[in-house]
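Coordinates as given in run07.tsv (TSV, C-alpha atoms):
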chain	number	residue	atom	x	y	z
T	331	MET	CA	-45.91	-46.15	-52.42
T	332	LYS	CA	-44.52	-46.43	-48.96
T	333	THR	CA	-42.19	-43.52	-49.60
T	334	GLN	CA	-45.03	-41.24	-50.59
T	335	GLN	CA	-46.95	-42.10	-47.41
T	336	LYS	CA	-43.95	-41.26	-45.23
T	337	THR	CA	-43.50	-37.93	-46.97
T	338	ALA	CA	-47.10	-36.99	-46.51
T	339	LEU	CA	-46.97	-37.95	-42.86
T	340	SER	CA	-43.83	-35.83	-42.30
T	341	ALA	CA	-45.50	-32.85	-43.94
T	342	ALA	CA	-48.53	-33.25	-41.71
T	343	ILE	CA	-46.34	-33.33	-38.57
T	344	ALA	CA	-44.45	-30.22	-39.63
T	345	LEU	CA	-47.68	-28.38	-40.32
T	346	THR	CA	-49.05	-29.31	-36.92
T	347	GLY	CA	-45.95	-27.95	-35.20
T	348	LEU	CA	-46.23	-24.68	-37.11
T	349	MET	CA	-49.83	-24.22	-36.08
T	350	SER	CA	-48.90	-24.84	-32.43
T	351	ALA	CA	-46.19	-22.21	-32.59
T	352	SER	CA	-48.61	-19.68	-33.99
T	353	SER	CA	-50.97	-20.32	-31.10
T	354	ALA	CA	-48.24	-19.61	-28.58
T	355	LEU	CA	-47.87	-16.02	-29.81
T	356	ALA	CA	-51.17	-15.21	-28.11
T	357	PHE	CA	-49.57	-15.44	-24.62
T	358	ASP	CA	-49.18	-12.07	-22.85
T	359	SER	CA	-45.97	-12.97	-20.95
T	360	VAL	CA	-43.30	-15.65	-20.94
T	361	THR	CA	-41.01	-16.39	-17.99
T	362	TRP	CA	-37.75	-18.30	-18.50
T	363	VAL	CA	-35.84	-19.89	-15.64
T	364	TRP	CA	-32.70	-21.96	-16.29
T	365	ASP	CA	-29.24	-22.80	-14.96
T	366	ALA	CA	-26.38	-23.00	-17.43
T	367	THR	CA	-22.65	-23.64	-17.32
T	368	VAL	CA	-20.70	-22.29	-20.30
T	369	ASN	CA	-17.06	-23.10	-21.05
T	370	SER	CA	-15.43	-21.08	-23.81
T	371	THR	CA	-11.93	-20.79	-25.27
T	372	VAL	CA	-10.77	-17.58	-26.94
T	373	ASP	CA	-7.60	-17.33	-29.02
T	374	THR	CA	-6.44	-13.77	-29.74
T	375	SER	CA	-3.65	-12.75	-32.09
T	376	ALA	CA	-2.48	-9.23	-32.81
T	377	LEU	CA	-0.19	-7.96	-35.54
T	378	SER	CA	1.09	-4.39	-35.41
T	379	GLU	CA	3.35	-2.50	-37.76
T	380	VAL	CA	4.95	0.81	-36.83
T	381	ASN	CA	6.52	3.14	-39.37
T	382	VAL	CA	8.19	6.21	-37.91
T	383	ALA	CA	10.70	8.79	-38.98
T	384	PRO	CA	12.52	9.83	-35.79
T	385	GLU	CA	14.35	13.13	-35.71
T	386	GLY	CA	17.25	11.67	-33.72
T	387	LEU	CA	18.53	8.61	-31.89
T	388	ASN	CA	20.08	8.09	-28.47
T	389	MET	CA	21.89	4.72	-28.54
T	390	THR	CA	23.62	3.57	-25.36
T	391	GLU	CA	25.51	0.44	-24.36
T	392	ASN	CA	26.01	0.29	-20.59
T	393	ASP	CA	28.10	-2.42	-18.86
T	394	GLN	CA	28.65	-2.17	-15.11
T	395	THR	CA	30.29	-4.63	-12.72
T	396	ALA	CA	30.80	-3.96	-9.02
T	397	LEU	CA	32.62	-6.31	-6.66
T	398	GLY	CA	32.88	-5.65	-2.94
T	399	THR	CA	30.89	-4.09	-0.15
T	400	ILE	CA	29.05	-0.79	-0.38
T	401	SER	CA	27.70	0.86	2.75
T	402	ALA	CA	26.21	4.20	3.71
T	403	THR	CA	25.58	5.38	7.26
T	404	SER	CA	23.84	8.50	8.52
T	405	LEU	CA	23.55	9.16	12.28
T	406	VAL	CA	21.88	12.16	13.90
T	407	THR	CA	21.82	12.23	17.69
T	408	ALA	CA	21.11	14.55	20.63
T	409	VAL	CA	19.38	17.44	18.85
T	410	ASP	CA	17.78	19.77	21.42
T	411	ASN	CA	15.56	22.53	20.08
T	412	THR	CA	14.95	24.49	23.26
T	413	ILE	CA	11.81	26.60	22.90
T	414	ILE	CA	10.79	29.34	25.33
T	415	PRO	CA	7.21	28.40	26.10
T	416	LEU	CA	4.58	31.07	25.55
T	417	LEU	CA	1.55	31.53	27.78
T	418	ASP	CA	-0.65	29.63	25.34
T	419	GLY	CA	2.08	27.26	24.11
T	420	ASN	CA	3.97	27.12	20.84
T	421	ALA	CA	2.79	26.23	17.36
T	422	PHE	CA	3.87	23.45	15.01
T	423	GLU	CA	5.91	25.98	13.00
T	424	ASP	CA	8.26	26.48	15.98
T	425	LEU	CA	9.69	22.98	15.55
T	426	ALA	CA	13.07	22.36	13.97
T	427	ALA	CA	13.51	19.83	11.16
T	428	VAL	CA	15.93	16.88	11.34
T	429	GLU	CA	16.70	14.68	8.33
T	430	SER	CA	18.87	11.58	8.32
T	431	ILE	CA	19.35	10.02	4.86
T	432	ALA	CA	21.61	7.12	3.86
T	433	THR	CA	21.74	5.77	0.29
T	434	ALA	CA	23.92	2.89	-0.93
T	435	VAL	CA	23.88	1.83	-4.59
T	436	GLY	CA	25.94	-0.86	-6.32
T	437	ASN	CA	25.43	-0.03	-10.02
T	438	ASN	CA	23.38	2.88	-11.28
T	439	ALA	CA	22.54	4.14	-14.77
T	440	ALA	CA	20.24	7.02	-15.70
T	441	ILE	CA	19.38	8.03	-19.27
T	442	GLU	CA	17.36	11.13	-20.16
T	443	SER	CA	16.56	11.89	-23.78
T	444	ASP	CA	14.23	13.91	-26.03
T	445	VAL	CA	14.64	11.60	-29.06
T	446	SER	CA	14.06	7.89	-29.60
T	447	THR	CA	16.23	5.72	-27.37
T	448	GLN	CA	17.84	2.30	-27.82
T	449	THR	CA	19.69	0.87	-24.81
T	450	ASP	CA	21.66	-2.29	-24.13
T	451	ASN	CA	22.21	-2.50	-20.37
T	452	SER	CA	24.15	-5.07	-18.32
T	453	GLN	CA	24.69	-4.70	-14.56
T	454	VAL	CA	26.35	-7.22	-12.23
T	455	TYR	CA	26.87	-6.72	-8.51
T	456	ALA	CA	28.52	-9.29	-6.24
T	457	GLY	CA	31.17	-9.66	-3.60
T	458	LEU	CA	34.81	-10.62	-4.10
T	459	ASP	CA	35.66	-12.72	-7.14
T	460	ALA	CA	37.04	-15.87	-5.52
T	461	SER	CA	37.66	-17.86	-8.72
T	462	VAL	CA	40.23	-20.58	-7.98
T	463	GLY	CA	41.80	-23.49	-9.82
T	464	THR	CA	40.73	-26.99	-8.91
T	465	PRO	CA	43.51	-29.39	-7.74
T	466	LEU	CA	42.66	-31.97	-10.43
T	467	THR	CA	42.17	-29.97	-13.62
T	468	GLY	CA	43.53	-26.54	-12.79
T	469	GLU	CA	40.53	-24.93	-14.44
T	470	LEU	CA	39.03	-21.82	-12.91
T	471	VAL	CA	35.88	-22.32	-10.91
T	472	ASP	CA	33.52	-19.40	-10.38
T	473	ALA	CA	33.15	-19.10	-6.61
T	474	THR	CA	31.98	-15.50	-6.45
T	475	LEU	CA	31.07	-14.59	-2.91
T	476	PRO	CA	27.90	-12.64	-2.12
T	477	GLY	CA	28.45	-8.93	-1.69
T	478	ALA	CA	26.72	-6.49	0.62
T	479	VAL	CA	24.83	-3.28	-0.01
T	480	THR	CA	23.94	-1.70	3.32
T	481	ALA	CA	22.28	1.58	4.16
T	482	THR	CA	21.74	2.65	7.78
T	483	ALA	CA	20.08	5.88	8.85
T	484	SER	CA	19.09	6.86	12.39
T	485	ALA	CA	17.96	9.84	14.43
T	486	LEU	CA	18.18	9.50	18.20
T	487	ALA	CA	17.31	11.72	21.18
T	488	ILE	CA	15.58	14.55	19.32
T	489	LEU	CA	13.70	17.27	21.26
T	490	ASN	CA	11.11	19.54	19.61
T	491	ALA	CA	11.97	18.75	16.00
T	492	THR	CA	10.29	16.85	13.20
T	493	VAL	CA	12.28	13.79	12.17
T	494	ASP	CA	12.61	12.26	8.69
T	495	VAL	CA	14.77	9.13	8.51
T	496	ASP	CA	15.29	7.47	5.11
T	497	ALA	CA	17.58	4.53	4.30
T	498	THR	CA	17.79	3.12	0.74
T	499	ALA	CA	19.97	0.24	-0.47
T	500	VAL	CA	19.98	-0.82	-4.13
T	501	GLY	CA	22.04	-3.48	-5.89
T	502	ASN	CA	21.44	-2.56	-9.56
T	503	ASN	CA	19.35	0.34	-10.85
T	504	MET	CA	18.48	1.41	-14.40
T	505	THR	CA	16.30	4.43	-15.27
T	506	VAL	CA	15.25	5.59	-18.74
T	507	ASP	CA	13.27	8.83	-19.01
T	508	LEU	CA	12.16	9.68	-22.54
T	509	THR	CA	10.37	13.01	-23.01
T	510	THR	CA	9.88	13.85	-26.67
T	511	LEU	CA	8.21	16.57	-28.71
T	512	SER	CA	6.87	14.38	-31.53
T	513	ASP	CA	5.14	11.03	-31.83
T	514	ASN	CA	7.86	9.77	-34.20
T	515	ASP	CA	10.41	9.94	-31.38
T	516	ALA	CA	8.17	8.58	-28.63
T	517	PHE	CA	9.46	5.03	-28.49
T	518	ALA	CA	12.20	3.23	-26.57
T	519	ILE	CA	13.87	-0.14	-27.21
T	520	THR	CA	15.72	-1.54	-24.20
T	521	ASN	CA	17.59	-4.78	-23.53
T	522	ASN	CA	18.18	-5.00	-19.77
T	523	GLU	CA	20.16	-7.65	-17.86
T	524	GLN	CA	20.68	-7.33	-14.10
T	525	LEU	CA	22.29	-9.81	-11.72
T	526	SER	CA	22.73	-9.34	-7.97
T	527	VAL	CA	24.62	-11.84	-5.84
T	528	ALA	CA	24.38	-9.86	-2.65
T	529	LEU	CA	22.73	-9.25	0.67
T	530	VAL	CA	20.89	-5.95	0.30
T	531	THR	CA	19.75	-4.43	3.61
T	532	SER	CA	18.52	-1.06	4.80
T	533	THR	CA	17.74	0.07	8.33
T	534	ALA	CA	16.01	3.28	9.41
T	535	THR	CA	15.66	4.12	13.11
T	536	ALA	CA	13.95	7.00	14.88
T	537	ASP	CA	14.11	6.78	18.66
T	538	GLY	CA	13.72	9.10	21.62
T	539	VAL	CA	11.83	11.86	19.75
T	540	LEU	CA	10.09	14.17	22.23
T	541	PHE	CA	7.80	17.19	21.89
T	542	ASN	CA	7.30	19.58	24.79
T	543	GLY	CA	4.74	22.40	24.92
T	544	ILE	CA	3.74	22.27	21.24
T	545	ASN	CA	0.10	22.83	20.29
T	546	GLY	CA	-1.60	21.07	17.38
T	547	MET	CA	0.55	17.95	17.33
T	548	GLY	CA	-1.06	15.15	15.38
T	549	GLY	CA	-3.56	17.38	13.64
T	550	GLY	CA	-1.68	18.14	10.42
T	551	ASP	CA	-1.17	16.26	7.18
T	552	THR	CA	2.61	16.17	7.55
T	553	ALA	CA	4.05	13.41	9.73
T	554	ALA	CA	6.09	14.69	12.66
T	555	VAL	CA	8.19	11.51	12.68
T	556	SER	CA	8.91	9.53	9.49
T	557	SER	CA	11.16	6.48	9.23
T	558	THR	CA	11.47	4.66	5.88
T	559	ALA	CA	13.75	1.79	4.85
T	560	THR	CA	13.93	0.49	1.26
T	561	ALA	CA	16.04	-2.41	-0.03
T	562	VAL	CA	16.06	-3.37	-3.73
T	563	GLY	CA	18.11	-6.03	-5.51
T	564	ASN	CA	17.44	-5.11	-9.17
T	565	ASN	CA	15.34	-2.21	-10.41
T	566	LEU	CA	14.35	-1.07	-13.91
T	567	SER	CA	12.28	2.04	-14.62
T	568	VAL	CA	11.29	3.18	-18.12
T	569	LYS	CA	9.13	6.25	-18.73
T	570	VAL	CA	8.02	7.42	-22.17
T	571	ASP	CA	6.14	10.74	-22.49
T	572	GLY	CA	5.32	11.97	-25.97
T	573	ASN	CA	4.27	15.53	-25.15
T	574	PHE	CA	2.44	15.84	-28.46
Let me see the structure of the file written as structure tokens.
Amino acid sequence: MKTQQKTALSAAIALTGLMSASSALAFDSVTWVWDATVNSTVDTSALSEVNVAPEGLNMTENDQTALGTISATSLVTAVDNTIIPLLDGNAFEDLAAVESIATAVGNNAAIESDVSTQTDNSQVYAGLDASVGTPLTGELVDATLPGAVTATASALAILNATVDVDATAVGNNMTVDLTTLSDNDAFAITNNEQLSVALVTSTATADGVLFNGINGMGGGDTAAVSSTATAVGNNLSVKVDGNF
């Protein structure tokens, strides 16, 4: 008997709530205002399967080891482009062009292919191999000394000439350029290991550059004086272009 009374009471409460909800539908507008903080965790997994029938294969194993010091120096000095001044001055086109470029590279590999490419690359650059035996055991101990890759470019005392100074020093460099004609060949698999134990420095200097009687200086898109220095320990560049 008690159970039946509880059931009837629950039914009456539920019915009352339903009637109240129906009354609320008569409102013309409802405005909600709340602050909420939501923390969510998303796990994403992807499975891909590629089936191709390449027309060819370029497979390369490249091992390079360089020990020592590599340096490049470019010096341009005392360039005098004497211009006979006109009544209204000279134009930008009357200037001479001076370039000073120094590039020093320890290990370098470049691969260009039009079919699928698989490459195993290992490059090590360091100084002198100073492996010696210990007094107690006589075993060799790796005491490789740091090497040096140095590039220095400068242009000094330049009159009436644009100046472009560029110094680049690289320890290890690997470039793969894959340009194919079909989608079946447009993939590259590369295993690359590069180790530099070296001081890699580059210095570019432009000093004493003068312009005399030249109109339009500073108004063009091309820099009249450019000095760029780039130093890289290890560098890997892979480019795949399907062209299909």
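If you measure from each of T:Gly398, T:Gly419, T:Gly501, T:Gly572 to T:Thr433 using only C-alpha atoms, the closest one turns out to be T:Gly501.
Those residues that approach T:Asn451 to within 6 Å, counting only C-alpha atoms, are Glu391, Asn392 and Asn522 of chain T; same-chain residues fewer than 6 positions away are not listed.
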Could you please take those selected residues and save C-alpha atoms as a PDB file, in the coordinates of the input?
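File written: again14.pdb
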ATOM      1  CA  GLU T 391      25.510   0.440 -24.360  1.00  0.00           C
ATOM      2  CA  ASN T 392      26.010   0.290 -20.590  1.00  0.00           C
ATOM      3  CA  ASN T 522      18.180  -5.000 -19.770  1.00  0.00           C
TER       4      ASN T 522
END
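Picture a line from atom CA of T:Thr552 to atom CA of T:Val500; it runs 27.0 Å.
Across the structure, atom CA of T:Met504 and atom CA of T:Leu405 are spaced 28.2 Å apart.
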Using all atoms listed in the file, the residue out of T:Thr520, T:Asn381, T:Asn420, T:Ser512 with shortest distance to T:Asp450 is T:Thr520
Who sits within 12 Å of T:Ala491, all atoms listed in the file, same chain under 6 positions skipped, as a PDB file with C-alpha atoms, in the frame of the given file:
ATOM      1  CA  THR T 407      21.820  12.230  17.690  1.00  0.00           C
ATOM      2  CA  ALA T 408      21.110  14.550  20.630  1.00  0.00           C
ATOM      3  CA  VAL T 409      19.380  17.440  18.850  1.00  0.00           C
ATOM      4  CA  ASP T 410      17.780  19.770  21.420  1.00  0.00           C
ATOM      5  CA  ASN T 411      15.560  22.530  20.080  1.00  0.00           C
ATOM      6  CA  THR T 412      14.950  24.490  23.260  1.00  0.00           C
ATOM      7  CA  ILE T 413      11.810  26.600  22.900  1.00  0.00           C
ATOM      8  CA  ALA T 421       2.790  26.230  17.360  1.00  0.00           C
ATOM      9  CA  PHE T 422       3.870  23.450  15.010  1.00  0.00           C
ATOM     10  CA  GLU T 423       5.910  25.980  13.000  1.00  0.00           C
ATOM     11  CA  ASP T 424       8.260  26.480  15.980  1.00  0.00           C
ATOM     12  CA  LEU T 425       9.690  22.980  15.550  1.00  0.00           C
ATOM     13  CA  ALA T 426      13.070  22.360  13.970  1.00  0.00           C
ATOM     14  CA  ALA T 427      13.510  19.830  11.160  1.00  0.00           C
ATOM     15  CA  VAL T 428      15.930  16.880  11.340  1.00  0.00           C
ATOM     16  CA  GLU T 429      16.700  14.680   8.330  1.00  0.00           C
ATOM     17  CA  ALA T 485      17.960   9.840  14.430  1.00  0.00           C
ATOM     18  CA  ALA T 536      13.950   7.000  14.880  1.00  0.00           C
ATOM     19  CA  GLY T 538      13.720   9.100  21.620  1.00  0.00           C
ATOM     20  CA  VAL T 539      11.830  11.860  19.750  1.00  0.00           C
ATOM     21  CA  LEU T 540      10.090  14.170  22.230  1.00  0.00           C
ATOM     22  CA  PHE T 541       7.800  17.190  21.890  1.00  0.00           C
ATOM     23  CA  ASN T 542       7.300  19.580  24.790  1.00  0.00           C
ATOM     24  CA  ILE T 544       3.740  22.270  21.240  1.00  0.00           C
ATOM     25  CA  MET T 547       0.550  17.950  17.330  1.00  0.00           C
ATOM     26  CA  ALA T 553       4.050  13.410   9.730  1.00  0.00           C
ATOM     27  CA  ALA T 554       6.090  14.690  12.660  1.00  0.00           C
ATOM     28  CA  VAL T 555       8.190  11.510  12.680  1.00  0.00           C
ATOM     29  CA  SER T 556       8.910   9.530   9.490  1.00  0.00           C
TER      30      SER T 556
END
